[in-house]
file target_15.cif (mmCIF, C-alpha atoms)
data_coords
loop_
_atom_site.group_PDB
_atom_site.id
_atom_site.type_symbol
_atom_site.label_atom_id
_atom_site.label_comp_id
_atom_site.auth_asym_id
_atom_site.auth_seq_id
_atom_site.Cartn_x
_atom_site.Cartn_y
_atom_site.Cartn_z
ATOM 1 C CA MET Z 1 3.653 -9.307 -20.485
ATOM 2 C CA GLU Z 2 5.435 -6.310 -18.958
ATOM 3 C CA PRO Z 3 7.632 -6.879 -15.905
ATOM 4 C CA THR Z 4 5.966 -5.931 -12.622
ATOM 5 C CA THR Z 5 6.987 -5.286 -9.029
ATOM 6 C CA THR Z 6 4.960 -6.719 -6.168
ATOM 7 C CA LEU Z 7 4.074 -4.144 -3.516
ATOM 8 C CA TYR Z 8 2.107 -4.197 -0.286
ATOM 9 C CA ARG Z 9 -0.144 -1.682 1.399
ATOM 10 C CA PRO Z 10 -1.164 -1.776 5.062
ATOM 11 C CA LEU Z 11 -4.552 -0.170 5.590
ATOM 12 C CA GLY Z 12 -7.708 -0.026 7.661
ATOM 13 C CA SER Z 13 -11.215 -1.281 7.014
ATOM 14 C CA HIS Z 14 -12.524 2.022 5.613
ATOM 15 C CA GLU Z 15 -9.833 2.161 2.926
ATOM 16 C CA LEU Z 16 -10.500 -1.497 2.127
ATOM 17 C CA SER Z 17 -14.199 -0.769 1.595
ATOM 18 C CA LEU Z 18 -13.254 1.918 -0.952
ATOM 19 C CA ILE Z 19 -10.890 -0.489 -2.715
ATOM 20 C CA ALA Z 20 -13.670 -3.113 -2.788
ATOM 21 C CA ALA Z 21 -16.015 -0.530 -4.341
ATOM 22 C CA SER Z 22 -13.503 -0.164 -7.208
ATOM 23 C CA GLY Z 23 -13.599 -3.914 -7.831
ATOM 24 C CA TYR Z 24 -10.195 -4.244 -6.137
ATOM 25 C CA ARG Z 25 -8.606 -2.356 -9.015
ATOM 26 C CA GLU Z 26 -7.472 0.935 -7.445
ATOM 27 C CA PHE Z 27 -6.594 2.777 -4.286
ATOM 28 C CA PRO Z 28 -8.883 5.629 -3.220
ATOM 29 C CA PRO Z 29 -7.864 9.289 -3.223
ATOM 30 C CA ARG Z 30 -5.851 10.422 -0.222
ATOM 31 C CA LEU Z 31 -7.512 12.408 2.521
ATOM 32 C CA PRO Z 32 -6.816 16.142 2.895
ATOM 33 C CA GLY Z 33 -3.481 16.543 4.626
ATOM 34 C CA GLN Z 34 -2.131 13.281 3.157
ATOM 35 C CA PRO Z 35 0.093 14.410 0.269
ATOM 36 C CA ILE Z 36 1.877 11.067 -0.212
ATOM 37 C CA PHE Z 37 0.736 7.489 -0.920
ATOM 38 C CA TYR Z 38 3.115 4.936 0.646
ATOM 39 C CA PRO Z 39 3.168 1.427 -0.842
ATOM 40 C CA VAL Z 40 5.846 -0.745 0.785
ATOM 41 C CA LEU Z 41 8.226 -3.280 -0.714
ATOM 42 C CA SER Z 42 8.048 -6.125 1.790
ATOM 43 C CA GLU Z 43 5.223 -8.171 3.211
ATOM 44 C CA GLU Z 44 7.012 -8.225 6.578
ATOM 45 C CA TYR Z 45 7.025 -4.417 6.781
ATOM 46 C CA ALA Z 46 3.353 -4.203 5.748
ATOM 47 C CA ILE Z 47 2.448 -6.740 8.442
ATOM 48 C CA GLN Z 48 4.335 -4.736 11.071
ATOM 49 C CA ILE Z 49 2.360 -1.605 10.218
ATOM 50 C CA ALA Z 50 -1.023 -3.346 9.963
ATOM 51 C CA ARG Z 51 -0.584 -5.379 13.149
ATOM 52 C CA ASP Z 52 1.372 -2.953 15.339
ATOM 53 C CA TRP Z 53 -0.101 0.370 14.229
ATOM 54 C CA ASN Z 54 -3.363 0.112 12.262
ATOM 55 C CA ALA Z 55 -4.967 -2.572 14.458
ATOM 56 C CA LYS Z 56 -3.979 -0.776 17.651
ATOM 57 C CA ASN Z 57 -4.728 2.800 16.619
ATOM 58 C CA SER Z 58 -7.547 2.768 14.079
ATOM 59 C CA GLU Z 59 -11.155 3.430 15.002
ATOM 60 C CA THR Z 60 -12.200 -0.079 13.964
ATOM 61 C CA ARG Z 61 -9.151 -1.786 15.565
ATOM 62 C CA VAL Z 62 -8.453 -3.619 12.294
ATOM 63 C CA GLY Z 63 -5.237 -3.739 10.285
ATOM 64 C CA ILE Z 64 -5.236 -5.199 6.786
ATOM 65 C CA VAL Z 65 -2.396 -6.051 4.396
ATOM 66 C CA THR Z 66 -2.940 -5.907 0.653
ATOM 67 C CA LYS Z 67 -0.690 -7.185 -2.121
ATOM 68 C CA PHE Z 68 -0.651 -5.973 -5.719
ATOM 69 C CA ARG Z 69 1.578 -5.661 -8.779
ATOM 70 C CA VAL Z 70 2.634 -2.451 -10.534
ATOM 71 C CA LYS Z 71 4.372 -2.067 -13.891
ATOM 72 C CA ARG Z 72 8.091 -1.812 -13.221
ATOM 73 C CA VAL Z 73 8.669 0.767 -15.956
ATOM 74 C CA TYR Z 74 6.211 3.136 -14.236
ATOM 75 C CA LEU Z 75 7.786 2.638 -10.793
ATOM 76 C CA SER Z 76 11.265 3.350 -12.156
ATOM 77 C CA LYS Z 77 10.593 7.099 -11.980
ATOM 78 C CA PHE Z 78 10.248 6.914 -8.177
ATOM 79 C CA GLU Z 79 13.012 6.458 -5.632
ATOM 80 C CA ILE Z 80 12.828 3.677 -3.057
ATOM 81 C CA ARG Z 81 13.031 5.218 0.423
ATOM 82 C CA THR Z 82 14.412 3.364 3.434
ATOM 83 C CA VAL Z 83 12.747 4.787 6.538
ATOM 84 C CA GLY Z 84 14.227 2.603 9.284
ATOM 85 C CA ALA Z 85 15.738 -0.860 9.142
ATOM 86 C CA ARG Z 86 16.579 -2.548 5.851
ATOM 87 C CA ILE Z 87 13.051 -4.013 5.520
ATOM 88 C CA HIS Z 88 11.417 -0.583 5.954
ATOM 89 C CA GLN Z 89 11.423 0.352 2.287
ATOM 90 C CA GLU Z 90 8.636 2.196 0.527
ATOM 91 C CA TYR Z 91 7.801 4.345 -2.449
ATOM 92 C CA TRP Z 92 6.581 7.885 -1.900
ATOM 93 C CA ILE Z 93 3.950 8.519 -4.567
ATOM 94 C CA PRO Z 94 2.731 12.146 -4.636
ATOM 95 C CA VAL Z 95 -1.042 12.515 -4.375
ATOM 96 C CA GLY Z 96 -1.129 14.011 -7.875
ATOM 97 C CA GLU Z 97 0.299 10.737 -9.250
ATOM 98 C CA LEU Z 98 -2.201 8.383 -7.603
ATOM 99 C CA ALA Z 99 -4.561 8.166 -10.597
ATOM 100 C CA GLU Z 100 -1.631 7.253 -12.871
ATOM 101 C CA PHE Z 101 -0.307 4.835 -10.250
ATOM 102 C CA ASN Z 102 -3.699 3.101 -10.225
ATOM 103 C CA LYS Z 103 -3.632 2.794 -14.034
ATOM 104 C CA ASN Z 104 -0.334 0.916 -13.727
ATOM 105 C CA ILE Z 105 -1.630 -1.727 -11.318
ATOM 106 C CA VAL Z 106 -1.654 -5.105 -13.058
ATOM 107 C CA GLY Z 107 -4.421 -7.432 -11.907
ATOM 108 C CA LEU Z 108 -6.332 -7.041 -8.674
ATOM 109 C CA ILE Z 109 -5.446 -5.774 -5.222
ATOM 110 C CA GLU Z 110 -5.705 -8.748 -2.889
ATOM 111 C CA VAL Z 111 -6.071 -8.981 0.877
ATOM 112 C CA ILE Z 112 -3.394 -11.292 2.302
ATOM 113 C CA ALA Z 113 -3.623 -10.666 6.069
ATOM 114 C CA GLU Z 114 -5.939 -9.132 8.644
ATOM 115 C CA PHE Z 115 -5.275 -8.269 12.294
ATOM 116 C CA HIS Z 116 -7.828 -7.419 14.993
ATOM 117 C CA LYS Z 117 -7.312 -5.761 18.366
ATOM 118 C CA LYS Z 118 -9.986 -5.865 21.040
#
call {"tool": "encode", "arguments": {"input": "target_15.cif", "output": "structure tokens"}}
result
Amino acid sequence: MEPTTTLYRPLGSHELSLIAASGYREFPPRLPGQPIFYPVLSEEYAIQIARDWNAKNSETRVGIVTKFRVKRVYLSKFEIRTVGARIHQEYWIPVGELAEFNKNIVGLIEVIAEFHKK
């Protein structure tokens, strides 16, 4: 089995419904004006975004954290970006690469946390 890297993706309920429609196998295309897909490297960072941003600012007031594995050899062509503190690390995957990114997901995308704001 090829080595993989575990990544996380904070998202809202609409994006989760599109992932569910794929059988939890791929992330949906980005919306117009969203040229980059941002998976993050730590669960803690993904929770911060889902809880402190998505749940507070999304239409549905829900923040969700997903976990998934990607082939390490594929990820090696992308630089890890640190966008704040040491835990704030993410990959910047160009929108044109998302289909190939999805092909390199190993296993299923799983929901590991959900946050609700009233």
call {"tool": "resolve_selection", "arguments": {"input": "target_15.cif", "expression": "the PyMOL selection byres ((chain Z and resi 23-25) around 9)", "output": "list of chain:residue names"}}
result
Z:Leu16, Z:Leu18, Z:Ile19, Z:Ala20, Z:Ala21, Z:Ser22, Z:Glu26, Z:Phe27, Z:Asn102, Z:Lys103, Z:Ile105, Z:Val106, Z:Gly107, Z:Leu108, Z:Ile109, Z:Glu110
call {"tool": "resolve_selection", "arguments": {"input": "target_15.cif", "expression": "the PyMOL selection byres ((chain Z and resi 88-100) around 7)", "output": "JSON list (two decimals) with C-alpha atoms, keeping the file's coordinate frame"}}
result
[["chain", "number", "residue", "atom", "x", "y", "z"],
["Z", 30, "ARG", "CA", -5.85, 10.42, -0.22],
["Z", 35, "PRO", "CA", 0.09, 14.41, 0.27],
["Z", 36, "ILE", "CA", 1.88, 11.07, -0.21],
["Z", 37, "PHE", "CA", 0.74, 7.49, -0.92],
["Z", 38, "TYR", "CA", 3.12, 4.94, 0.65],
["Z", 39, "PRO", "CA", 3.17, 1.43, -0.84],
["Z", 40, "VAL", "CA", 5.85, -0.74, 0.78],
["Z", 41, "LEU", "CA", 8.23, -3.28, -0.71],
["Z", 45, "TYR", "CA", 7.02, -4.42, 6.78],
["Z", 78, "PHE", "CA", 10.25, 6.91, -8.18],
["Z", 79, "GLU", "CA", 13.01, 6.46, -5.63],
["Z", 80, "ILE", "CA", 12.83, 3.68, -3.06],
["Z", 81, "ARG", "CA", 13.03, 5.22, 0.42],
["Z", 82, "THR", "CA", 14.41, 3.36, 3.43],
["Z", 83, "VAL", "CA", 12.75, 4.79, 6.54],
["Z", 84, "GLY", "CA", 14.23, 2.60, 9.28],
["Z", 85, "ALA", "CA", 15.74, -0.86, 9.14],
["Z", 86, "ARG", "CA", 16.58, -2.55, 5.85],
["Z", 87, "ILE", "CA", 13.05, -4.01, 5.52],
["Z", 101, "PHE", "CA", -0.31, 4.84, -10.25],
["Z", 102, "ASN", "CA", -3.70, 3.10, -10.22],
["Z", 103, "LYS", "CA", -3.63, 2.79, -14.03],
["Z", 104, "ASN", "CA", -0.33, 0.92, -13.73]]
call {"tool": "resolve_selection", "arguments": {"input": "target_15.cif", "expression": "the PyMOL selection byres ((chain Z and resi 112) around 9)", "output": "list in words"}}
result
Ile64, Val65, Thr66, Lys67, Glu110, Val111, Ala113 and Glu114 of chain Z
call {"tool": "atom_distance", "arguments": {"input": "target_15.cif", "atom1": "CA of Gly12 in chain Z", "atom2": "CA of Phe68 in chain Z"}}
result
16.3 Å
call {"tool": "atom_distance", "arguments": {"input": "target_15.cif", "atom1": "CA of Lys71 in chain Z", "atom2": "CA of Arg9 in chain Z"}}
result
15.9 Å
call {"tool": "atom_distance", "arguments": {"input": "target_15.cif", "atom1": "CA of Leu75 in chain Z", "atom2": "CA of Val62 in chain Z"}}
result
28.9 Å
call {"tool": "closest_residue", "arguments": {"input": "target_15.cif", "among": "Z:Lys117, Z:Arg72, Z:Glu15, Z:Pro10", "to": "Glu43 in chain Z", "atoms": "all atoms listed in the file"}}
result
Z:Pro10
call {"tool": "residues_around", "arguments": {"input": "target_15.cif", "residues": "Gly63 in chain Z", "least_positions_apart": "5", "cutoff": "10 Å", "atoms": "all atoms listed in the file", "output": "PyMOL selection string"}}
result
chain Z and resi 10-13+16+46-58+113-117
